Amino acid sequence: MDRGWLLLIGLTAFNPFALGAEEEVGKLLEQRLNSENADQAKQEQAVIAKGKRLATLTEGNAVIKDLETLQAAIERWESQMKAILTSAEGQALASDPMSVEDFINLQEGKRYPLIQVQECAVKFKVCLRPYRLQAITVFTHRPRP
């Protein structure tokens, strides 16, 4: 017999597929693919979760900024109202019945109390604290290779 034929017969004899191990090799390949898919799915979930945390943090920071702006506007309003009540300019406005009526309407208008806005901002900051801590941990922690 030719050496090439002997080599071919020898390789065929020890080929796992020739020994009926096709099913076992298929199972091993499937397990490997499932493991890789599971790892990839976990990585994708981590990236999605990170994106959602960042979006929540961004929106939360915008809300806190809006609450701080509202708080400053309320403080300005209250200081202007006190100034009108105590200043000479306010006394001049008090002599005009239309100005007094407008002032009364402004005072009776529905507004958020300053303390309510402050409490809301504090509660919101407390709610965002875990997201901030996670963002700090995620961005500063680098796993060792």
# chains A, B, ... in the order shown; residues from 1 in each chain; ligands from 1
>>> residues_around(residues="A:Glu59", least_positions_apart="4", cutoff="12 Å", atoms="only C-alpha atoms", output="ChimeraX atom specification")
/A:52-55,63-66,124-125,128,131
>>> write_last_selection(atoms="C-alpha atoms", output="mmCIF file, in the first residue's frame")
data_model
loop_
_atom_site.group_PDB
_atom_site.id
_atom_site.type_symbol
_atom_site.label_atom_id
_atom_site.label_comp_id
_atom_site.auth_asym_id
_atom_site.auth_seq_id
_atom_site.Cartn_x
_atom_site.Cartn_y
_atom_site.Cartn_z
ATOM 1 C CA LYS A 52 -29.613 53.925 32.198
ATOM 2 C CA ARG A 53 -27.745 54.978 35.354
ATOM 3 C CA LEU A 54 -26.093 57.825 33.478
ATOM 4 C CA ALA A 55 -29.413 58.909 31.939
ATOM 5 C CA VAL A 63 -34.316 68.377 38.112
ATOM 6 C CA ILE A 64 -32.120 69.447 41.025
ATOM 7 C CA LYS A 65 -30.903 72.438 39.010
ATOM 8 C CA ASP A 66 -34.527 73.377 38.230
ATOM 9 C CA PHE A 124 -34.330 64.169 45.357
ATOM 10 C CA LYS A 125 -30.627 64.410 46.193
ATOM 11 C CA LEU A 128 -29.873 60.163 43.467
ATOM 12 C CA TYR A 131 -26.617 56.544 41.308
#
>>> residues_around(residues="stretch 68-76 of chain A", least_positions_apart="4", cutoff="7 Å", atoms="only C-alpha atoms", output="list in words")
Ile64, Gln80, Leu114 and Val117 of chain A
>>> write_last_selection(atoms="N, CA and C atoms", output="short mmCIF file (atom, residue, chain, number, x, y, z; two decimals), in the first residue's frame")
data_model
loop_
_atom_site.label_atom_id
_atom_site.label_comp_id
_atom_site.auth_asym_id
_atom_site.auth_seq_id
_atom_site.Cartn_x
_atom_site.Cartn_y
_atom_site.Cartn_z
N ILE A 64 -32.68 68.74 39.87
CA ILE A 64 -32.12 69.45 41.03
C ILE A 64 -31.78 70.89 40.65
N GLN A 80 -38.47 90.81 47.50
CA GLN A 80 -39.10 91.94 46.82
C GLN A 80 -40.41 92.34 47.51
N LEU A 114 -41.37 78.02 50.11
CA LEU A 114 -39.93 77.82 50.00
C LEU A 114 -39.51 76.53 50.70
N VAL A 117 -40.11 73.42 48.55
CA VAL A 117 -39.14 73.26 47.45
C VAL A 117 -37.81 72.77 48.01
#
>>> closest_residue(among="A:Leu85, A:Ser99, A:Leu67, A:Gln134", to="A:Val122", atoms="only C-alpha atoms")
A:Leu67
>>> decode(residues="stretch 75-115 of chain A", atoms="N, CA and C atoms", output="PDB file, in the first residue's frame")
ATOM      1  N   GLU A  75     -37.085  82.965  46.731  1.00  0.00           N
ATOM      2  CA  GLU A  75     -36.360  83.837  47.668  1.00  0.00           C
ATOM      3  C   GLU A  75     -36.339  85.286  47.171  1.00  0.00           C
ATOM      4  N   ARG A  76     -36.101  85.456  45.851  1.00  0.00           N
ATOM      5  CA  ARG A  76     -36.133  86.809  45.276  1.00  0.00           C
ATOM      6  C   ARG A  76     -37.509  87.436  45.433  1.00  0.00           C
ATOM      7  N   TRP A  77     -38.556  86.639  45.148  1.00  0.00           N
ATOM      8  CA  TRP A  77     -39.938  87.119  45.254  1.00  0.00           C
ATOM      9  C   TRP A  77     -40.234  87.567  46.684  1.00  0.00           C
ATOM     10  N   GLU A  78     -39.877  86.747  47.633  1.00  0.00           N
ATOM     11  CA  GLU A  78     -40.159  87.082  49.034  1.00  0.00           C
ATOM     12  C   GLU A  78     -39.407  88.337  49.468  1.00  0.00           C
ATOM     13  N   SER A  79     -38.156  88.476  49.020  1.00  0.00           N
ATOM     14  CA  SER A  79     -37.404  89.677  49.415  1.00  0.00           C
ATOM     15  C   SER A  79     -37.985  90.925  48.738  1.00  0.00           C
ATOM     16  N   GLN A  80     -38.470  90.806  47.503  1.00  0.00           N
ATOM     17  CA  GLN A  80     -39.097  91.943  46.823  1.00  0.00           C
ATOM     18  C   GLN A  80     -40.408  92.335  47.505  1.00  0.00           C
ATOM     19  N   MET A  81     -41.162  91.334  47.939  1.00  0.00           N
ATOM     20  CA  MET A  81     -42.429  91.641  48.620  1.00  0.00           C
ATOM     21  C   MET A  81     -42.162  92.344  49.957  1.00  0.00           C
ATOM     22  N   LYS A  82     -41.150  91.910  50.678  1.00  0.00           N
ATOM     23  CA  LYS A  82     -40.796  92.574  51.941  1.00  0.00           C
ATOM     24  C   LYS A  82     -40.335  94.006  51.689  1.00  0.00           C
ATOM     25  N   ALA A  83     -39.558  94.174  50.595  1.00  0.00           N
ATOM     26  CA  ALA A  83     -39.073  95.518  50.260  1.00  0.00           C
ATOM     27  C   ALA A  83     -40.237  96.440  49.918  1.00  0.00           C
ATOM     28  N   ILE A  84     -41.209  95.944  49.203  1.00  0.00           N
ATOM     29  CA  ILE A  84     -42.373  96.772  48.846  1.00  0.00           C
ATOM     30  C   ILE A  84     -43.146  97.168  50.094  1.00  0.00           C
ATOM     31  N   LEU A  85     -43.261  96.243  51.039  1.00  0.00           N
ATOM     32  CA  LEU A  85     -44.031  96.542  52.262  1.00  0.00           C
ATOM     33  C   LEU A  85     -43.318  97.567  53.158  1.00  0.00           C
ATOM     34  N   THR A  86     -42.032  97.645  53.096  1.00  0.00           N
ATOM     35  CA  THR A  86     -41.293  98.500  54.036  1.00  0.00           C
ATOM     36  C   THR A  86     -40.664  99.737  53.402  1.00  0.00           C
ATOM     37  N   SER A  87     -40.624  99.831  52.090  1.00  0.00           N
ATOM     38  CA  SER A  87     -39.914 100.942  51.447  1.00  0.00           C
ATOM     39  C   SER A  87     -40.823 102.138  51.185  1.00  0.00           C
ATOM     40  N   ALA A  88     -40.210 103.251  50.867  1.00  0.00           N
ATOM     41  CA  ALA A  88     -40.954 104.466  50.506  1.00  0.00           C
ATOM     42  C   ALA A  88     -41.694 104.251  49.196  1.00  0.00           C
ATOM     43  N   GLU A  89     -41.084 103.463  48.308  1.00  0.00           N
ATOM     44  CA  GLU A  89     -41.730 103.157  47.029  1.00  0.00           C
ATOM     45  C   GLU A  89     -43.027 102.386  47.266  1.00  0.00           C
ATOM     46  N   GLY A  90     -42.999 101.476  48.222  1.00  0.00           N
ATOM     47  CA  GLY A  90     -44.200 100.721  48.564  1.00  0.00           C
ATOM     48  C   GLY A  90     -45.279 101.612  49.148  1.00  0.00           C
ATOM     49  N   GLN A  91     -44.887 102.573  49.942  1.00  0.00           N
ATOM     50  CA  GLN A  91     -45.854 103.516  50.507  1.00  0.00           C
ATOM     51  C   GLN A  91     -46.482 104.359  49.405  1.00  0.00           C
ATOM     52  N   ALA A  92     -45.703 104.710  48.400  1.00  0.00           N
ATOM     53  CA  ALA A  92     -46.237 105.480  47.275  1.00  0.00           C
ATOM     54  C   ALA A  92     -47.247 104.638  46.496  1.00  0.00           C
ATOM     55  N   LEU A  93     -46.935 103.337  46.320  1.00  0.00           N
ATOM     56  CA  LEU A  93     -47.876 102.442  45.619  1.00  0.00           C
ATOM     57  C   LEU A  93     -49.155 102.247  46.435  1.00  0.00           C
ATOM     58  N   ALA A  94     -49.037 102.309  47.756  1.00  0.00           N
ATOM     59  CA  ALA A  94     -50.202 102.095  48.618  1.00  0.00           C
ATOM     60  C   ALA A  94     -51.219 103.221  48.492  1.00  0.00           C
ATOM     61  N   SER A  95     -50.803 104.355  48.003  1.00  0.00           N
ATOM     62  CA  SER A  95     -51.746 105.459  47.844  1.00  0.00           C
ATOM     63  C   SER A  95     -52.627 105.285  46.615  1.00  0.00           C
ATOM     64  N   ASP A  96     -52.260 104.392  45.720  1.00  0.00           N
ATOM     65  CA  ASP A  96     -53.046 104.144  44.507  1.00  0.00           C
ATOM     66  C   ASP A  96     -53.898 102.886  44.719  1.00  0.00           C
ATOM     67  N   PRO A  97     -55.234 103.018  44.693  1.00  0.00           N
ATOM     68  CA  PRO A  97     -56.107 101.854  44.932  1.00  0.00           C
ATOM     69  C   PRO A  97     -55.886 100.695  43.940  1.00  0.00           C
ATOM     70  N   MET A  98     -55.579 101.007  42.679  1.00  0.00           N
ATOM     71  CA  MET A  98     -55.354  99.940  41.684  1.00  0.00           C
ATOM     72  C   MET A  98     -54.078  99.162  42.026  1.00  0.00           C
ATOM     73  N   SER A  99     -53.052  99.865  42.459  1.00  0.00           N
ATOM     74  CA  SER A  99     -51.798  99.207  42.825  1.00  0.00           C
ATOM     75  C   SER A  99     -51.994  98.323  44.047  1.00  0.00           C
ATOM     76  N   VAL A 100     -52.800  98.799  44.993  1.00  0.00           N
ATOM     77  CA  VAL A 100     -53.069  97.994  46.190  1.00  0.00           C
ATOM     78  C   VAL A 100     -53.817  96.730  45.805  1.00  0.00           C
ATOM     79  N   GLU A 101     -54.789  96.856  44.923  1.00  0.00           N
ATOM     80  CA  GLU A 101     -55.556  95.686  44.465  1.00  0.00           C
ATOM     81  C   GLU A 101     -54.646  94.687  43.752  1.00  0.00           C
ATOM     82  N   ASP A 102     -53.745  95.199  42.873  1.00  0.00           N
ATOM     83  CA  ASP A 102     -52.799  94.318  42.173  1.00  0.00           C
ATOM     84  C   ASP A 102     -51.870  93.615  43.168  1.00  0.00           C
ATOM     85  N   PHE A 103     -51.425  94.374  44.165  1.00  0.00           N
ATOM     86  CA  PHE A 103     -50.534  93.801  45.176  1.00  0.00           C
ATOM     87  C   PHE A 103     -51.234  92.696  45.958  1.00  0.00           C
ATOM     88  N   ILE A 104     -52.484  92.942  46.324  1.00  0.00           N
ATOM     89  CA  ILE A 104     -53.258  91.930  47.065  1.00  0.00           C
ATOM     90  C   ILE A 104     -53.431  90.675  46.209  1.00  0.00           C
ATOM     91  N   ASN A 105     -53.735  90.863  44.941  1.00  0.00           N
ATOM     92  CA  ASN A 105     -53.894  89.706  44.032  1.00  0.00           C
ATOM     93  C   ASN A 105     -52.586  88.921  43.907  1.00  0.00           C
ATOM     94  N   LEU A 106     -51.477  89.635  43.839  1.00  0.00           N
ATOM     95  CA  LEU A 106     -50.182  88.964  43.767  1.00  0.00           C
ATOM     96  C   LEU A 106     -49.885  88.188  45.047  1.00  0.00           C
ATOM     97  N   GLN A 107     -50.198  88.780  46.167  1.00  0.00           N
ATOM     98  CA  GLN A 107     -49.945  88.126  47.446  1.00  0.00           C
ATOM     99  C   GLN A 107     -50.822  86.891  47.641  1.00  0.00           C
ATOM    100  N   GLU A 108     -52.043  86.934  47.140  1.00  0.00           N
ATOM    101  CA  GLU A 108     -52.969  85.817  47.317  1.00  0.00           C
ATOM    102  C   GLU A 108     -52.761  84.710  46.287  1.00  0.00           C
ATOM    103  N   GLY A 109     -51.929  84.973  45.294  1.00  0.00           N
ATOM    104  CA  GLY A 109     -51.685  83.981  44.247  1.00  0.00           C
ATOM    105  C   GLY A 109     -51.064  82.702  44.812  1.00  0.00           C
ATOM    106  N   LYS A 110     -51.380  81.600  44.150  1.00  0.00           N
ATOM    107  CA  LYS A 110     -50.860  80.291  44.577  1.00  0.00           C
ATOM    108  C   LYS A 110     -49.386  80.191  44.209  1.00  0.00           C
ATOM    109  N   ARG A 111     -48.557  79.921  45.242  1.00  0.00           N
ATOM    110  CA  ARG A 111     -47.125  79.730  45.043  1.00  0.00           C
ATOM    111  C   ARG A 111     -46.673  78.553  45.891  1.00  0.00           C
ATOM    112  N   TYR A 112     -45.543  77.989  45.470  1.00  0.00           N
ATOM    113  CA  TYR A 112     -44.963  76.923  46.283  1.00  0.00           C
ATOM    114  C   TYR A 112     -44.239  77.548  47.471  1.00  0.00           C
ATOM    115  N   PRO A 113     -44.462  77.006  48.650  1.00  0.00           N
ATOM    116  CA  PRO A 113     -43.710  77.505  49.803  1.00  0.00           C
ATOM    117  C   PRO A 113     -42.227  77.140  49.661  1.00  0.00           C
ATOM    118  N   LEU A 114     -41.369  78.022  50.108  1.00  0.00           N
ATOM    119  CA  LEU A 114     -39.928  77.817  50.001  1.00  0.00           C
ATOM    120  C   LEU A 114     -39.508  76.527  50.696  1.00  0.00           C
ATOM    121  N   ILE A 115     -40.049  76.266  51.856  1.00  0.00           N
ATOM    122  CA  ILE A 115     -39.670  75.064  52.613  1.00  0.00           C
ATOM    123  C   ILE A 115     -40.029  73.794  51.841  1.00  0.00           C
TER     124      ILE A 115
END
